[in-house]
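Quick look at start07.cif (mmCIF, C-alpha atoms):
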```
data_start
#
loop_
_atom_site.group_PDB
_atom_site.id
_atom_site.type_symbol
_atom_site.label_atom_id
_atom_site.label_comp_id
_atom_site.auth_asym_id
_atom_site.auth_seq_id
_atom_site.Cartn_x
_atom_site.Cartn_y
_atom_site.Cartn_z
ATOM 1 C CA MET A 956 -11.886 -65.474 -42.535
ATOM 2 C CA ARG A 957 -15.019 -67.551 -43.016
ATOM 3 C CA GLU A 958 -16.934 -65.449 -40.453
ATOM 4 C CA ILE A 959 -15.884 -62.198 -42.118
ATOM 5 C CA LYS A 960 -16.901 -63.536 -45.527
ATOM 6 C CA GLU A 961 -20.321 -64.487 -44.158
ATOM 7 C CA ILE A 962 -20.861 -60.955 -42.850
ATOM 8 C CA PHE A 963 -19.756 -59.264 -46.064
ATOM 9 C CA THR A 964 -21.617 -61.612 -48.388
ATOM 10 C CA GLY A 965 -24.765 -61.249 -46.266
ATOM 11 C CA PHE A 966 -25.326 -57.804 -47.784
ATOM 12 C CA PRO A 967 -28.507 -58.257 -49.860
ATOM 13 C CA ARG A 968 -27.027 -56.785 -53.054
ATOM 14 C CA CYS A 969 -23.740 -58.697 -52.871
ATOM 15 C CA ARG A 970 -22.969 -60.938 -55.803
ATOM 16 C CA GLN A 971 -20.055 -63.181 -56.596
ATOM 17 C CA VAL A 972 -18.050 -62.098 -59.634
ATOM 18 C CA THR A 973 -15.383 -64.797 -59.785
ATOM 19 C CA PHE A 974 -16.039 -68.480 -59.331
ATOM 20 C CA ILE A 975 -13.049 -70.544 -58.306
ATOM 21 C CA GLU A 976 -14.458 -74.062 -58.047
ATOM 22 C CA ASN A 977 -14.128 -76.124 -61.211
ATOM 23 C CA ASN A 978 -13.059 -73.046 -63.182
ATOM 24 C CA ARG A 979 -10.991 -74.379 -66.105
ATOM 25 C CA LYS A 980 -9.047 -71.151 -66.596
ATOM 26 C CA LEU A 981 -8.051 -70.989 -62.945
ATOM 27 C CA LEU A 982 -7.140 -74.680 -62.931
ATOM 28 C CA ALA A 983 -4.888 -74.056 -65.948
ATOM 29 C CA LEU A 984 -3.181 -71.169 -64.114
ATOM 30 C CA ALA A 985 -2.682 -73.392 -61.067
ATOM 31 C CA ASP A 986 -1.087 -76.059 -63.291
ATOM 32 C CA MET A 987 1.252 -73.490 -64.879
ATOM 33 C CA ALA A 988 2.260 -72.201 -61.459
ATOM 34 C CA ALA A 989 2.922 -75.738 -60.221
ATOM 35 C CA GLU A 990 5.230 -76.337 -63.198
ATOM 36 C CA HIS A 991 7.415 -73.544 -61.812
ATOM 37 C CA ASP A 992 7.175 -74.689 -58.183
ATOM 38 C CA ALA A 993 4.819 -71.849 -57.313
ATOM 39 C CA GLN A 994 1.417 -71.936 -55.690
ATOM 40 C CA PHE A 995 -1.456 -70.163 -57.409
ATOM 41 C CA ILE A 996 -4.105 -68.899 -55.016
ATOM 42 C CA ALA A 997 -7.310 -68.236 -56.916
ATOM 43 C CA PRO A 998 -9.011 -64.946 -56.094
ATOM 44 C CA GLU A 999 -12.569 -65.161 -54.875
ATOM 45 C CA GLN A 1000 -14.185 -61.807 -55.532
ATOM 46 C CA TRP A 1001 -17.530 -60.417 -54.505
ATOM 47 C CA HIS A 1002 -19.084 -57.122 -55.547
ATOM 48 C CA TRP A 1003 -21.602 -54.940 -53.753
ATOM 49 C CA GLY A 1004 -22.015 -52.319 -56.442
ATOM 50 C CA THR A 1005 -20.432 -48.891 -56.235
ATOM 51 C CA ASP A 1006 -23.809 -47.188 -56.088
ATOM 52 C CA ASN A 1007 -24.675 -49.199 -52.945
ATOM 53 C CA GLY A 1008 -21.870 -47.704 -50.826
ATOM 54 C CA LYS A 1009 -24.047 -45.874 -48.287
ATOM 55 C CA ASP A 1010 -26.434 -48.818 -47.946
ATOM 56 C CA LEU A 1011 -23.468 -51.134 -47.422
ATOM 57 C CA VAL A 1012 -22.048 -48.925 -44.660
ATOM 58 C CA ASP A 1013 -25.462 -48.863 -42.980
ATOM 59 C CA TYR A 1014 -25.665 -52.653 -43.289
ATOM 60 C CA LEU A 1015 -22.201 -53.147 -41.771
ATOM 61 C CA ARG A 1016 -23.002 -50.758 -38.910
ATOM 62 C CA GLY A 1017 -25.538 -53.350 -37.790
ATOM 63 C CA TYR A 1018 -22.612 -55.687 -37.038
ATOM 64 C CA LEU A 1019 -20.473 -53.111 -35.286
ATOM 65 C CA ARG A 1020 -21.127 -52.121 -31.675
ATOM 66 C CA LYS A 1021 -19.580 -49.149 -29.932
ATOM 67 C CA THR A 1022 -18.035 -48.169 -33.236
ATOM 68 C CA ASP A 1023 -17.532 -44.688 -34.619
ATOM 69 C CA LEU A 1024 -17.264 -44.294 -38.365
ATOM 70 C CA LEU A 1025 -15.681 -41.052 -39.449
ATOM 71 C CA LEU A 1026 -16.419 -40.836 -43.141
ATOM 72 C CA ASN A 1027 -14.823 -38.128 -45.266
ATOM 73 C CA THR A 1028 -12.619 -37.057 -42.352
ATOM 74 C CA GLU A 1029 -9.064 -36.100 -43.196
ATOM 75 C CA VAL A 1030 -6.755 -37.250 -40.417
ATOM 76 C CA ILE A 1031 -3.283 -35.748 -40.326
ATOM 77 C CA ALA A 1032 -1.848 -37.750 -37.394
ATOM 78 C CA ILE A 1033 -2.670 -40.828 -35.299
ATOM 79 C CA GLU A 1034 -0.855 -41.940 -32.186
ATOM 80 C CA LYS A 1035 -1.163 -45.090 -30.060
ATOM 81 C CA LEU A 1036 -0.626 -44.631 -26.368
ATOM 82 C CA SER A 1037 0.145 -47.463 -23.940
ATOM 83 C CA ASN A 1038 -3.361 -47.338 -22.416
ATOM 84 C CA ASN A 1039 -5.097 -48.187 -25.742
ATOM 85 C CA ASN A 1040 -5.957 -44.565 -26.285
ATOM 86 C CA PHE A 1041 -5.682 -43.362 -29.879
ATOM 87 C CA PRO A 1042 -5.425 -39.588 -30.167
ATOM 88 C CA ALA A 1043 -5.971 -38.446 -33.737
ATOM 89 C CA TRP A 1044 -5.790 -34.993 -35.254
ATOM 90 C CA THR A 1045 -8.118 -33.984 -38.066
ATOM 91 C CA ALA A 1046 -7.258 -31.408 -40.696
ATOM 92 C CA LEU A 1047 -10.455 -29.430 -40.202
ATOM 93 C CA PRO A 1048 -11.701 -27.711 -38.177
ATOM 94 C CA ALA A 1049 -8.429 -26.144 -37.058
ATOM 95 C CA ARG A 1050 -6.428 -29.302 -36.309
ATOM 96 C CA LYS A 1051 -9.045 -30.647 -33.900
ATOM 97 C CA ARG A 1052 -7.906 -33.468 -31.607
ATOM 98 C CA ILE A 1053 -10.199 -36.481 -31.271
ATOM 99 C CA ASN A 1054 -9.484 -39.188 -28.678
ATOM 100 C CA TYR A 1055 -10.570 -42.810 -28.948
ATOM 101 C CA ASN A 1056 -10.183 -45.454 -26.293
ATOM 102 C CA ALA A 1057 -10.140 -48.689 -28.252
ATOM 103 C CA GLN A 1058 -8.347 -51.986 -28.549
ATOM 104 C CA VAL A 1059 -8.342 -51.671 -32.336
ATOM 105 C CA ILE A 1060 -8.533 -48.739 -34.679
ATOM 106 C CA LEU A 1061 -9.213 -49.436 -38.343
ATOM 107 C CA VAL A 1062 -7.929 -46.903 -40.823
ATOM 108 C CA ALA A 1063 -9.014 -46.950 -44.450
ATOM 109 C CA PRO A 1064 -7.070 -44.174 -46.174
ATOM 110 C CA GLY A 1065 -8.012 -45.245 -49.678
ATOM 111 C CA ARG A 1066 -5.709 -45.101 -52.645
ATOM 112 C CA SER A 1067 -5.026 -41.386 -52.282
ATOM 113 C CA GLY A 1068 -3.909 -41.706 -48.653
ATOM 114 C CA ALA A 1069 -2.016 -44.995 -48.869
ATOM 115 C CA TYR A 1070 1.459 -43.453 -49.134
ATOM 116 C CA TRP A 1071 0.800 -40.998 -46.306
ATOM 117 C CA PHE A 1072 -0.461 -43.797 -44.076
ATOM 118 C CA SER A 1073 2.513 -46.035 -44.869
ATOM 119 C CA ARG A 1074 4.995 -43.253 -44.035
ATOM 120 C CA HIS A 1075 3.081 -42.255 -40.901
ATOM 121 C CA SER A 1076 2.969 -45.878 -39.677
ATOM 122 C CA GLN A 1077 6.715 -46.318 -40.168
ATOM 123 C CA GLU A 1078 7.494 -43.028 -38.392
ATOM 124 C CA THR A 1079 5.235 -44.002 -35.479
ATOM 125 C CA GLN A 1080 6.852 -47.443 -35.122
ATOM 126 C CA HIS A 1081 10.371 -46.000 -35.136
ATOM 127 C CA SER A 1082 9.523 -43.436 -32.470
ATOM 128 C CA GLU A 1083 8.341 -46.072 -29.940
#
```

Will you turn the file into structure tokens for me?
Amino acid sequence: MREIKEIFTGFPRCRQVTFIENNRKLLALADMAAEHDAQFIAPEQWHWGTDNGKDLVDYLRGYLRKTDLLLNTEVIAIEKLSNNNFPAWTALPARKRINYNAQVILVAPGRSGAYWFSRHSQETQHSE
């Protein structure tokens, strides 16, 4: 986690928006949680700025080798084969099939695709 944080916070326009060390409000929340036998884990948040999205992607590409980023690509199905091949079908053009040979595939469906991805993942797991 520390290594990932270092990469993300290395973006020149990244700034910390919550400070967890010696924060009285967070300490008070931790005390209240402890009173109820619960653990409060303080959120550490960083912000890159919404208007810096493209620059951030370009920055992160510098850390990724042999990586394809398919931005604004609607995927309608993903499959994992036993040989680490990931066939995926895109909505346009005409249900095109794209194949990836990878050990890991990272999918970021966003808020609008979260339910689809959850259902698709469950269906895929049950069919194996």

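Non-sequential neighbours of stretch 1003-1013 of chain A (distance at most 10 Å, separation of 5 or more positions within a chain, all atoms listed in the file) are Phe963, Thr964, Phe966, Pro967, Arg968, Cys969, Arg970, Gln971, Val972, Tyr1018, Leu1024 and Leu1026 of chain A.
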
Report task. Report the residues retrieved by the PyMOL selection byres ((chain A and resi 1044) around 7) from the displayed file, expressed as an MDAnalysis selection string. Result -> chainID A and resid 1030:1033 1042:1043 1045:1046 1050:1053

Export, as a compact mmCIF listing (two decimals), keeping the file's coordinate frame, the selected residues with C-alpha atoms.
```txt
# COMPACT_ATOMS: atom_id res chain seq x y z
CA VAL A 1030 -6.76 -37.25 -40.42
CA ILE A 1031 -3.28 -35.75 -40.33
CA ALA A 1032 -1.85 -37.75 -37.39
CA ILE A 1033 -2.67 -40.83 -35.30
CA PRO A 1042 -5.42 -39.59 -30.17
CA ALA A 1043 -5.97 -38.45 -33.74
CA THR A 1045 -8.12 -33.98 -38.07
CA ALA A 1046 -7.26 -31.41 -40.70
CA ARG A 1050 -6.43 -29.30 -36.31
CA LYS A 1051 -9.04 -30.65 -33.90
CA ARG A 1052 -7.91 -33.47 -31.61
CA ILE A 1053 -10.20 -36.48 -31.27
```

Report task. Could you tell me how far atom CA of A:Leu1015 lies from atom CA of A:Leu1061, in Å and to one decimal? Result -> 13.9 Å

Report task. Starting from the shown file, work through the PyMOL selection byres ((chain A and resi 988-1000) around 6) and note down what comes out as a count of residues only. Result -> 6

Query raised in the report: Mind pulling up the distance from atom CA of A:Ala1063 to atom CA of A:Asn1027?
Result: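 If I compute the distance from atom CA of A:Asn1027 to atom CA of A:Ala1063, I get 10.6 Å.
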
Report task. In Å, rounded to a single decimal, give me how far atom CA of A:Phe1041 is from atom CA of A:Leu1025. Result ->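 So the two atoms, atom CA of A:Leu1025 and atom CA of A:Phe1041, lie 14.0 Å apart.
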
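With distances restricted to all atoms listed in the file, A:Glu1029 is the closest residue to A:Pro1064 from A:Glu961, A:Glu976, A:Asp1023, A:Glu1029.
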
Go ahead and fit an axis-aligned box to every listed atom of stretch 1059-1063 of chain A plus 3 Å each side, and pass me the centre and edge lengths in Å, one decimal, as JSON.
```
{"center_x": -8.6, "center_y": -49.3, "center_z": -38.4, "size_x": 7.3, "size_y": 10.8, "size_z": 18.1}
```

Keeping just all heavy atoms, export stretch 1016-1029 of chain A of this structure as a compact mmCIF listing (two decimals), in the first residue's frame.
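Now in result_12.txt:
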```txt
# COMPACT_ATOMS: atom_id res chain seq x y z
N ARG A 1016 0.71 6.45 -16.81
CA ARG A 1016 1.21 5.60 -17.90
C ARG A 1016 2.72 5.43 -17.81
O ARG A 1016 3.26 4.43 -18.25
CB ARG A 1016 0.84 6.20 -19.25
CG ARG A 1016 -0.55 5.90 -19.67
CD ARG A 1016 -0.83 6.44 -21.05
NE ARG A 1016 -2.14 6.04 -21.47
CZ ARG A 1016 -2.91 6.72 -22.29
NH1 ARG A 1016 -2.47 7.86 -22.80
NH2 ARG A 1016 -4.09 6.29 -22.62
N GLY A 1017 3.40 6.44 -17.26
CA GLY A 1017 4.84 6.34 -17.09
C GLY A 1017 5.25 5.22 -16.15
O GLY A 1017 6.38 4.75 -16.20
N TYR A 1018 4.35 4.79 -15.28
CA TYR A 1018 4.63 3.69 -14.35
C TYR A 1018 4.16 2.35 -14.86
O TYR A 1018 4.46 1.32 -14.27
CB TYR A 1018 3.96 3.97 -13.00
CG TYR A 1018 4.69 5.01 -12.22
CD1 TYR A 1018 4.32 6.35 -12.31
CD2 TYR A 1018 5.77 4.68 -11.41
CE1 TYR A 1018 5.01 7.32 -11.62
CE2 TYR A 1018 6.45 5.65 -10.71
CZ TYR A 1018 6.07 6.97 -10.82
OH TYR A 1018 6.76 7.92 -10.13
N LEU A 1019 3.41 2.35 -15.92
CA LEU A 1019 2.83 1.10 -16.43
C LEU A 1019 3.55 0.68 -17.71
O LEU A 1019 3.64 1.45 -18.65
CB LEU A 1019 1.34 1.29 -16.71
CG LEU A 1019 0.51 1.76 -15.53
CD1 LEU A 1019 -0.90 2.08 -15.97
CD2 LEU A 1019 0.50 0.70 -14.44
N ARG A 1020 4.04 -0.55 -17.74
CA ARG A 1020 4.69 -1.07 -18.93
C ARG A 1020 3.82 -2.16 -19.53
O ARG A 1020 3.16 -2.90 -18.82
CB ARG A 1020 6.04 -1.67 -18.58
CG ARG A 1020 7.01 -0.64 -18.10
CD ARG A 1020 8.34 -1.26 -17.86
NE ARG A 1020 8.93 -0.53 -16.74
CZ ARG A 1020 9.87 -0.98 -15.98
NH1 ARG A 1020 10.35 -2.17 -16.17
NH2 ARG A 1020 10.34 -0.26 -15.00
N LYS A 1021 3.86 -2.24 -20.85
CA LYS A 1021 3.05 -3.24 -21.56
C LYS A 1021 1.60 -3.18 -21.10
O LYS A 1021 0.99 -4.20 -20.80
CB LYS A 1021 3.63 -4.63 -21.35
CG LYS A 1021 5.01 -4.81 -21.93
CD LYS A 1021 5.49 -6.22 -21.75
CE LYS A 1021 6.89 -6.35 -22.31
NZ LYS A 1021 7.43 -7.68 -22.11
N THR A 1022 1.09 -1.98 -21.00
CA THR A 1022 -0.27 -1.79 -20.51
C THR A 1022 -1.10 -1.07 -21.56
O THR A 1022 -0.66 -0.07 -22.13
CB THR A 1022 -0.24 -0.95 -19.21
OG1 THR A 1022 0.52 -1.65 -18.25
CG2 THR A 1022 -1.63 -0.70 -18.69
N ASP A 1023 -2.28 -1.59 -21.81
CA ASP A 1023 -3.22 -0.92 -22.70
C ASP A 1023 -4.29 -0.26 -21.85
O ASP A 1023 -4.83 -0.89 -20.93
CB ASP A 1023 -3.90 -1.92 -23.64
CG ASP A 1023 -2.96 -2.47 -24.68
OD1 ASP A 1023 -2.02 -1.76 -25.08
OD2 ASP A 1023 -3.16 -3.63 -25.09
N LEU A 1024 -4.56 0.99 -22.12
CA LEU A 1024 -5.65 1.69 -21.45
C LEU A 1024 -6.72 1.96 -22.49
O LEU A 1024 -6.50 2.64 -23.48
CB LEU A 1024 -5.16 3.02 -20.85
CG LEU A 1024 -4.09 2.90 -19.77
CD1 LEU A 1024 -3.64 4.28 -19.33
CD2 LEU A 1024 -4.60 2.11 -18.58
N LEU A 1025 -7.88 1.38 -22.26
CA LEU A 1025 -9.00 1.60 -23.17
C LEU A 1025 -9.97 2.56 -22.49
O LEU A 1025 -10.81 2.14 -21.70
CB LEU A 1025 -9.70 0.27 -23.49
CG LEU A 1025 -8.83 -0.79 -24.16
CD1 LEU A 1025 -9.60 -2.09 -24.32
CD2 LEU A 1025 -8.33 -0.29 -25.49
N LEU A 1026 -9.81 3.82 -22.77
CA LEU A 1026 -10.66 4.83 -22.16
C LEU A 1026 -11.92 5.00 -22.99
O LEU A 1026 -11.88 4.89 -24.22
CB LEU A 1026 -9.90 6.15 -22.04
CG LEU A 1026 -8.59 6.07 -21.26
CD1 LEU A 1026 -7.88 7.41 -21.30
CD2 LEU A 1026 -8.82 5.63 -19.83
N ASN A 1027 -13.02 5.25 -22.33
CA ASN A 1027 -14.31 5.47 -23.01
C ASN A 1027 -14.67 4.30 -23.93
O ASN A 1027 -15.14 4.50 -25.04
CB ASN A 1027 -14.31 6.78 -23.79
CG ASN A 1027 -14.17 7.96 -22.88
OD1 ASN A 1027 -14.77 7.99 -21.80
ND2 ASN A 1027 -13.38 8.94 -23.28
N THR A 1028 -14.39 3.08 -23.48
CA THR A 1028 -14.70 1.89 -24.26
C THR A 1028 -15.74 1.09 -23.50
O THR A 1028 -15.49 0.62 -22.39
CB THR A 1028 -13.43 1.03 -24.47
OG1 THR A 1028 -12.46 1.83 -25.14
CG2 THR A 1028 -13.75 -0.20 -25.30
N GLU A 1029 -16.91 0.94 -24.08
CA GLU A 1029 -17.96 0.17 -23.42
C GLU A 1029 -17.74 -1.31 -23.68
O GLU A 1029 -17.75 -1.77 -24.82
CB GLU A 1029 -19.34 0.58 -23.93
CG GLU A 1029 -20.46 -0.16 -23.22
CD GLU A 1029 -21.84 0.23 -23.71
OE1 GLU A 1029 -21.96 1.11 -24.57
OE2 GLU A 1029 -22.81 -0.37 -23.23
```
